[in-house]
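A.B. asks: Once you've had a glance at the structure underneath, I'll fire off some questions.
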Amino acid sequence: MRRREFFKKIGIAAVAAGFGSGMGGIACSKSRFSQRKGMKISYQIRQLNLKHTWTTVRDSSNIKQNVFVKLEKDGIIGIGEAAPNIRYQETPETTVKVIEKAVSLFENADPFEFVQLGYGIQNLCEAQTAGKAALDIALMDWIGKALNLPLYRLWGLNPEKAPLTSFSIGIDTPEIIVQKVREAMPYKILKIKVGVPTDEENIAAVRSVAPYKAIRADANEGWKDKEEALRKIEWLAQNGVEFIEQPMPAIMVEEARWLHERSPIPIIADEAVKSAADIPKLVGAYDGINIKIMKSGGLQEALRMIWLAKSLGLKIMIGCMIESSLSISAAAQLCSLIDYADLDGNLLITNDPYQGARIVNGRVMVLDKPGIGVAERK
Ligand code: MG
C-alpha cells in the first residue's frame with residue numbers, strides 16, 4: 001500500500017475536478033478554483049525516532065509520535081503536523097480528536113477565507129494547540145500552493161534575513177554531553193538544557209570542548225525558588241551564557257519580575273507564553289518570548305504574536321518541539337522577523353518523513369517553493 005493510502009480519510013466533503021498544483025503565475029482569481037466549498041481532511045500518526053535519548057528537566061524519551069494532516073481541495077494538498085506535548089496535556093489521541101472535530105468546519109470552508117477559518121480552528125476547543133497547528137499549517141500550505149507562492153512571499157518576508165539557529169543539547173552525563181557537543185560542531189550556537197543538580201558539571205563539559213562557542217540555556221521551569229534561580233543565572237552568566245529561557249514555573253510571574261530586575265542576562269519566556277493573549281502580562285517580567293507554532297496553534301497566531309511582541313518591545317525567539325522538517329519549514333517562513341532561532345527539532349530525529357528547509361551557514365533556509373516548501377521524503 002502506498003504511503004498516501006495510510007492517511008485516514010475522515011472528511012468526505014465534495015472535491016471538485018482538480019486544477020493541479022503546478023499552475024503558473026499568481027492565480028488568485030476565484031474562477032481558477034472550484035466554487036464549491038469544502039476541504040477533505042486525512043491524518044496519520046507516525047513515530048519519529050530520536051538520535052539520542054532526549055532528556056529535559058521534565059521527561060526522557062527515545063521516540064515521538066506526531067500526527068500528520070492533509071487538507072485537499074481542487075487537486076491541491078496542504079500538509080501539516082502536530083507534535084503533541086504532555087506539558088500541555090496533549091497526546092496523539094487528544095490531537096486526533098481535534099482534527100476529527102474540524103471535519104465539519106472544513107466541509108463548509110472557503111480556504112481563501114483563511115484568516116476567518118484560522119479563528120475557526122482556534123475556537124474548535126480549549127487548548128490542544130498542537131492539533132490546531134497541524135490544521136493551520138496545512139491550510140496555509142494549501143493557500144501558498146494555490147497561489148504558487150512560498151508563504152514568506154505571501155507575508156512579504158525575506159528568509160535570508162533569518163538569524164543563526166541554535167542546536168539543542170539535552171540533559172545527559174558529562175561524557176555524552178561532550179560527545180553531543182562534538183557532533184554539533186557545525187552549529188555556531190548551542191542551547192543547553194539546565195535545571196538539574198548537575199548543571200555546573202554539564203556546562204563545564206560543554207566548555208571543555210567548546211570554550212568560546214555562543215551558548216544559551218533553557219531551564220524548562222526547573223528552578224522553583226527565585227533566589228536559587230538568581231544564583232544559577234549569575235553562575236551561567238559568568239560562564240558566557242547569552243540568555244536563560246524559562247528559569248522558573250510559568251505560573252510564577254511575580255517572582256519572574258523580581259528575577260528580571262536582578263538578572264545579569266536576558267530572560268526569555270517559553271512555557272509562560274502560548275498565544276498572543278499571554279504576552280501583555282509578561283512585560284517587565286521577561287525580556288522576550290519563545291514562540292512555537294505548536295503552542296500558538298499555528299502560523300497565523302504566531303504571526304499575530306510577533307506583531308504584538310514587537311510593539312511591546314520584547315525580543316522574539318522561534319523555537320520548536322521534536323518535529324519533522326514539515327513543521328520546521330513552516331516556522332522558518334517567519335524567521336526574518338525574529339531575534340533568535342531555535343529550529344533544530346528535525347535534526348534530532350533519524351527518520352524524518354519530509355524534506356524542506358536546510359541549514360545553510362548556520363541559518364535555517366526554506367526552499368523557494370510554494371506553501372511551506374516541503375515534500376515527502378522518497
Ligand atoms: Mg524552552
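Chain lettering (A, B, ...) mirrors the order of the C-alpha cells, residue numbering begins at 1 for each chain separately, and ligand numbering begins at 1 in order of display.
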DSSP says strand (DSSP E) for which residues of segment 13-236 of chain A? Put them as number ranges by chain?
C.D. replies: A: 40-55, 60-73, 76-82, 166-169, 189-193, 214-218
A.B. asks: Could you give me, as a Markdown table, a per-residue list for segment 298-371 of chain A showing, wherever an atom lies at most 8 Å from an atom of segment 154-170 of chain A, the closest pair of atoms and their distance in Å to one decimal, using only C-alpha atoms and sorting by chain then residue number from low to high?
C.D. replies:
```
| residue | atom | partner | partner_atom | distance |
| --- | --- | --- | --- | --- |
| A:Ala332 | CA | A:Pro159 | CA | 7.7 |
| A:Gln333 | CA | A:Pro159 | CA | 6.7 |
| A:Leu334 | CA | A:Leu157 | CA | 7.4 |
| A:Cys335 | CA | A:Ala162 | CA | 4.9 |
| A:Ser336 | CA | A:Ala162 | CA | 4.1 |
| A:Leu337 | CA | A:Ala162 | CA | 7.3 |
| A:Ile338 | CA | A:Ala162 | CA | 7.2 |
| A:Asp339 | CA | A:Pro163 | CA | 6.4 |
| A:Tyr340 | CA | A:Pro163 | CA | 6.0 |
| A:Ala341 | CA | A:Thr165 | CA | 4.5 |
| A:Asp342 | CA | A:Ser166 | CA | 5.0 |
| A:Leu343 | CA | A:Thr165 | CA | 6.2 |
| A:Asp344 | CA | A:Phe167 | CA | 5.8 |
| A:Gly362 | CA | A:Leu164 | CA | 5.2 |
| A:Arg363 | CA | A:Leu164 | CA | 4.6 |
| A:Val364 | CA | A:Thr165 | CA | 6.6 |
| A:Met365 | CA | A:Pro159 | CA | 6.6 |
| A:Val366 | CA | A:Pro159 | CA | 7.0 |
```
A.B. asks: Okay, now the selection with all heavy atoms, as a CSV table (one decimal), in the first residue's frame?
C.D. replies:
```csv
chain,number,residue,atom,x,y,z
A,332,ALA,N,10.0,28.3,9.9
A,332,ALA,CA,11.1,29.0,9.3
A,332,ALA,C,10.6,30.1,8.3
A,332,ALA,O,11.4,31.0,8.0
A,332,ALA,CB,12.1,28.1,8.6
A,333,GLN,N,9.4,30.0,7.9
A,333,GLN,CA,8.8,31.0,7.0
A,333,GLN,C,8.8,32.4,7.6
A,333,GLN,O,8.8,33.4,7.0
A,333,GLN,CB,7.4,30.7,6.5
A,333,GLN,CG,7.2,29.3,5.9
A,333,GLN,CD,7.8,29.3,4.4
A,333,GLN,OE1,7.7,30.3,3.7
A,333,GLN,NE2,8.3,28.1,4.0
A,334,LEU,N,8.8,32.4,9.0
A,334,LEU,CA,8.6,33.6,9.8
A,334,LEU,C,10.0,34.2,10.3
A,334,LEU,O,10.0,35.2,11.0
A,334,LEU,CB,7.7,33.4,10.9
A,334,LEU,CG,6.3,32.9,10.6
A,334,LEU,CD1,5.5,32.6,11.9
A,334,LEU,CD2,5.5,33.9,9.8
A,335,CYS,N,11.1,33.4,10.0
A,335,CYS,CA,12.3,33.7,10.8
A,335,CYS,C,12.9,35.1,10.5
A,335,CYS,O,13.7,35.5,11.3
A,335,CYS,CB,13.3,32.6,10.5
A,335,CYS,SG,13.1,31.3,11.7
A,336,SER,N,12.6,35.7,9.4
A,336,SER,CA,13.3,37.0,9.2
A,336,SER,C,12.7,38.1,10.1
A,336,SER,O,13.2,39.2,10.1
A,336,SER,CB,13.2,37.4,7.7
A,336,SER,OG,11.8,37.5,7.3
A,337,LEU,N,11.7,37.8,10.8
A,337,LEU,CA,11.1,38.8,11.7
A,337,LEU,C,11.6,38.7,13.2
A,337,LEU,O,11.2,39.4,14.0
A,337,LEU,CB,9.5,38.6,11.8
A,337,LEU,CG,8.7,39.0,10.5
A,337,LEU,CD1,7.3,38.4,10.6
A,337,LEU,CD2,8.8,40.5,10.3
A,338,ILE,N,12.5,37.7,13.4
A,338,ILE,CA,12.8,37.4,14.8
A,338,ILE,C,14.2,37.7,15.2
A,338,ILE,O,15.1,38.0,14.3
A,338,ILE,CB,12.4,35.9,15.1
A,338,ILE,CG1,13.4,35.0,14.3
A,338,ILE,CG2,11.0,35.7,14.8
A,338,ILE,CD1,13.3,33.6,14.8
A,339,ASP,N,14.5,37.6,16.5
A,339,ASP,CA,15.9,37.9,17.0
A,339,ASP,C,16.7,36.6,17.2
A,339,ASP,O,17.9,36.6,17.0
A,339,ASP,CB,15.8,38.6,18.4
A,339,ASP,CG,15.0,39.9,18.3
A,339,ASP,OD1,15.5,40.8,17.7
A,339,ASP,OD2,13.8,39.9,18.7
A,340,TYR,N,16.0,35.5,17.6
A,340,TYR,CA,16.7,34.3,17.9
A,340,TYR,C,15.9,33.1,17.3
A,340,TYR,O,14.7,33.0,17.5
A,340,TYR,CB,16.8,34.0,19.4
A,340,TYR,CG,17.2,35.2,20.3
A,340,TYR,CD1,16.4,35.8,21.2
A,340,TYR,CD2,18.5,35.7,20.2
A,340,TYR,CE1,16.8,36.8,22.0
A,340,TYR,CE2,18.9,36.8,20.9
A,340,TYR,CZ,18.0,37.3,21.9
A,340,TYR,OH,18.4,38.4,22.6
A,341,ALA,N,16.7,32.2,16.6
A,341,ALA,CA,16.0,31.0,16.1
A,341,ALA,C,16.5,29.8,16.8
A,341,ALA,O,17.7,29.7,17.1
A,341,ALA,CB,16.3,30.9,14.6
A,342,ASP,N,15.6,28.9,17.1
A,342,ASP,CA,16.0,27.6,17.7
A,342,ASP,C,15.2,26.5,17.0
A,342,ASP,O,14.3,25.9,17.6
A,342,ASP,CB,15.7,27.7,19.2
A,342,ASP,CG,16.0,26.4,19.9
A,342,ASP,OD1,17.0,25.7,19.5
A,342,ASP,OD2,15.3,26.0,20.9
A,343,LEU,N,15.5,26.2,15.8
A,343,LEU,CA,14.7,25.3,14.9
A,343,LEU,C,15.5,24.1,14.6
A,343,LEU,O,16.1,24.0,13.5
A,343,LEU,CB,14.2,26.1,13.7
A,343,LEU,CG,13.2,27.2,14.0
A,343,LEU,CD1,12.8,27.9,12.7
A,343,LEU,CD2,11.9,26.5,14.6
A,344,ASP,N,15.6,23.2,15.5
A,344,ASP,CA,16.5,22.1,15.3
A,344,ASP,C,15.8,20.7,15.5
A,344,ASP,O,16.5,19.7,15.5
A,344,ASP,CB,17.7,22.1,16.3
A,344,ASP,CG,17.3,22.1,17.7
A,344,ASP,OD1,16.1,22.2,18.0
A,344,ASP,OD2,18.1,21.9,18.6
A,362,GLY,N,24.6,28.1,9.0
A,362,GLY,CA,24.1,28.3,10.4
A,362,GLY,C,22.6,28.8,10.4
A,362,GLY,O,22.1,29.0,11.5
A,363,ARG,N,22.1,29.1,9.3
A,363,ARG,CA,20.7,29.6,9.2
A,363,ARG,C,19.7,28.5,8.7
A,363,ARG,O,20.1,27.7,7.8
A,363,ARG,CB,20.6,30.8,8.3
A,363,ARG,CG,21.1,32.1,8.9
A,363,ARG,CD,21.1,33.2,7.9
A,363,ARG,NE,21.6,34.4,8.7
A,363,ARG,CZ,22.9,34.6,8.9
A,363,ARG,NH1,23.8,33.8,8.5
A,363,ARG,NH2,23.2,35.7,9.6
A,364,VAL,N,18.5,28.5,9.2
A,364,VAL,CA,17.5,27.6,8.6
A,364,VAL,C,16.9,28.3,7.3
A,364,VAL,O,16.3,29.3,7.4
A,364,VAL,CB,16.4,27.3,9.6
A,364,VAL,CG1,15.4,26.3,9.0
A,364,VAL,CG2,16.9,26.7,10.9
A,365,MET,N,17.3,27.7,6.2
A,365,MET,CA,16.8,28.3,4.9
A,365,MET,C,15.7,27.5,4.3
A,365,MET,O,15.8,26.3,4.1
A,365,MET,CB,18.0,28.4,3.9
A,365,MET,CG,19.0,29.4,4.3
A,365,MET,SD,18.4,31.1,4.5
A,365,MET,CE,17.8,31.4,2.8
A,366,VAL,N,14.6,28.2,4.1
A,366,VAL,CA,13.4,27.5,3.5
A,366,VAL,C,13.7,27.4,2.0
A,366,VAL,O,14.5,28.1,1.4
A,366,VAL,CB,12.1,28.2,3.7
A,366,VAL,CG1,11.7,28.2,5.2
A,366,VAL,CG2,12.2,29.7,3.3
```
A.B. asks: Could you list, as a ChimeraX atom specification, all residues that come within 8 Å of ligand 1? Count only C-alpha atoms and all ligand atoms.
C.D. replies: /A:218-220,245-246,269-271,290,319
A.B. asks: Taking the DSSP secondary structure from the backbone, can you list the residues of segment 129-255 of chain A that are helix (DSSP H, G or I), as a ChimeraX atom specification?
C.D. replies: /A:129-147,151-154,159-161,174-183,199-209,226-238,253-255
A.B. asks: What are the closest atom pairs, with distances in Å to one decimal, for each residue of segment 72-95 of chain A lying within 9 Å of segment 51-65 of chain A, using only C-alpha atoms, rows by chain and rising residue number, as JSON lines?
C.D. replies:
```
{"residue": "A:Ala83", "atom": "CA", "partner": "A:Gln65", "partner_atom": "CA", "distance": 7.3}
{"residue": "A:Pro84", "atom": "CA", "partner": "A:Gln65", "partner_atom": "CA", "distance": 7.8}
{"residue": "A:Arg87", "atom": "CA", "partner": "A:Arg58", "partner_atom": "CA", "distance": 8.3}
{"residue": "A:Thr91", "atom": "CA", "partner": "A:Gln65", "partner_atom": "CA", "distance": 8.4}
{"residue": "A:Pro92", "atom": "CA", "partner": "A:Gln65", "partner_atom": "CA", "distance": 6.6}
```
A.B. asks: Can you tell me which residues surround segment 251-267 of chain A at a distance of at most 9 Å, considering only C-alpha atoms, apart from same-chain residues fewer than 4 positions away, and format the answer as a ChimeraX atom specification?
C.D. replies: /A:224-227,229-230,233-234,236-237,241-247,272,281-289
A.B. asks: Please provide as number ranges by chain all residues within 8 Å of segment 198-215 of chain A, with the sequence filter that same-chain residues fewer than 5 positions apart are discarded (counting only C-alpha atoms).
C.D. replies: A: 171-175, 177-178, 181-182, 188-192, 240-242
A.B. asks: What lies within 9 Å of Ile306 of chain A using only C-alpha atoms, ignoring chain neighbours under 4 positions off, as a VMD selection string?
C.D. replies: chain A and resid 276 291 301 to 302 310 to 311 316 337 to 338
A.B. asks: Using only C-alpha atoms, which of A:Phe112, A:Trp223, A:Phe106, A:Trp307 sits nearest Ser275 of chain A?
C.D. replies: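 Ranked by minimum distance to Ser275 of chain A, first place goes to A:Trp307.
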A.B. asks: With distances taken over only C-alpha atoms, which residue among A:Ser324, A:Ser104, A:Thr95, A:Gln122 lies nearest Gly356 of chain A?
C.D. replies: A:Ser324
A.B. asks: Give the answer as one residue: which of A:Leu117, A:Ala330, A:Val273, A:Val360 has the shortest atom-to-atom distance to Gly144 of chain A, using only C-alpha atoms?
C.D. replies: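 That would be A:Ala330, the residue with the smallest distance to Gly144 of chain A.
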A.B. asks: Looking at A:Trp235, A:Pro197, A:Ile318, A:Lys37, which one is nearest to Leu303 of chain A, with distances taken over only C-alpha atoms?
C.D. replies: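 Looking only at the distances to Leu303 of chain A, the closest residue turns out to be A:Ile318.
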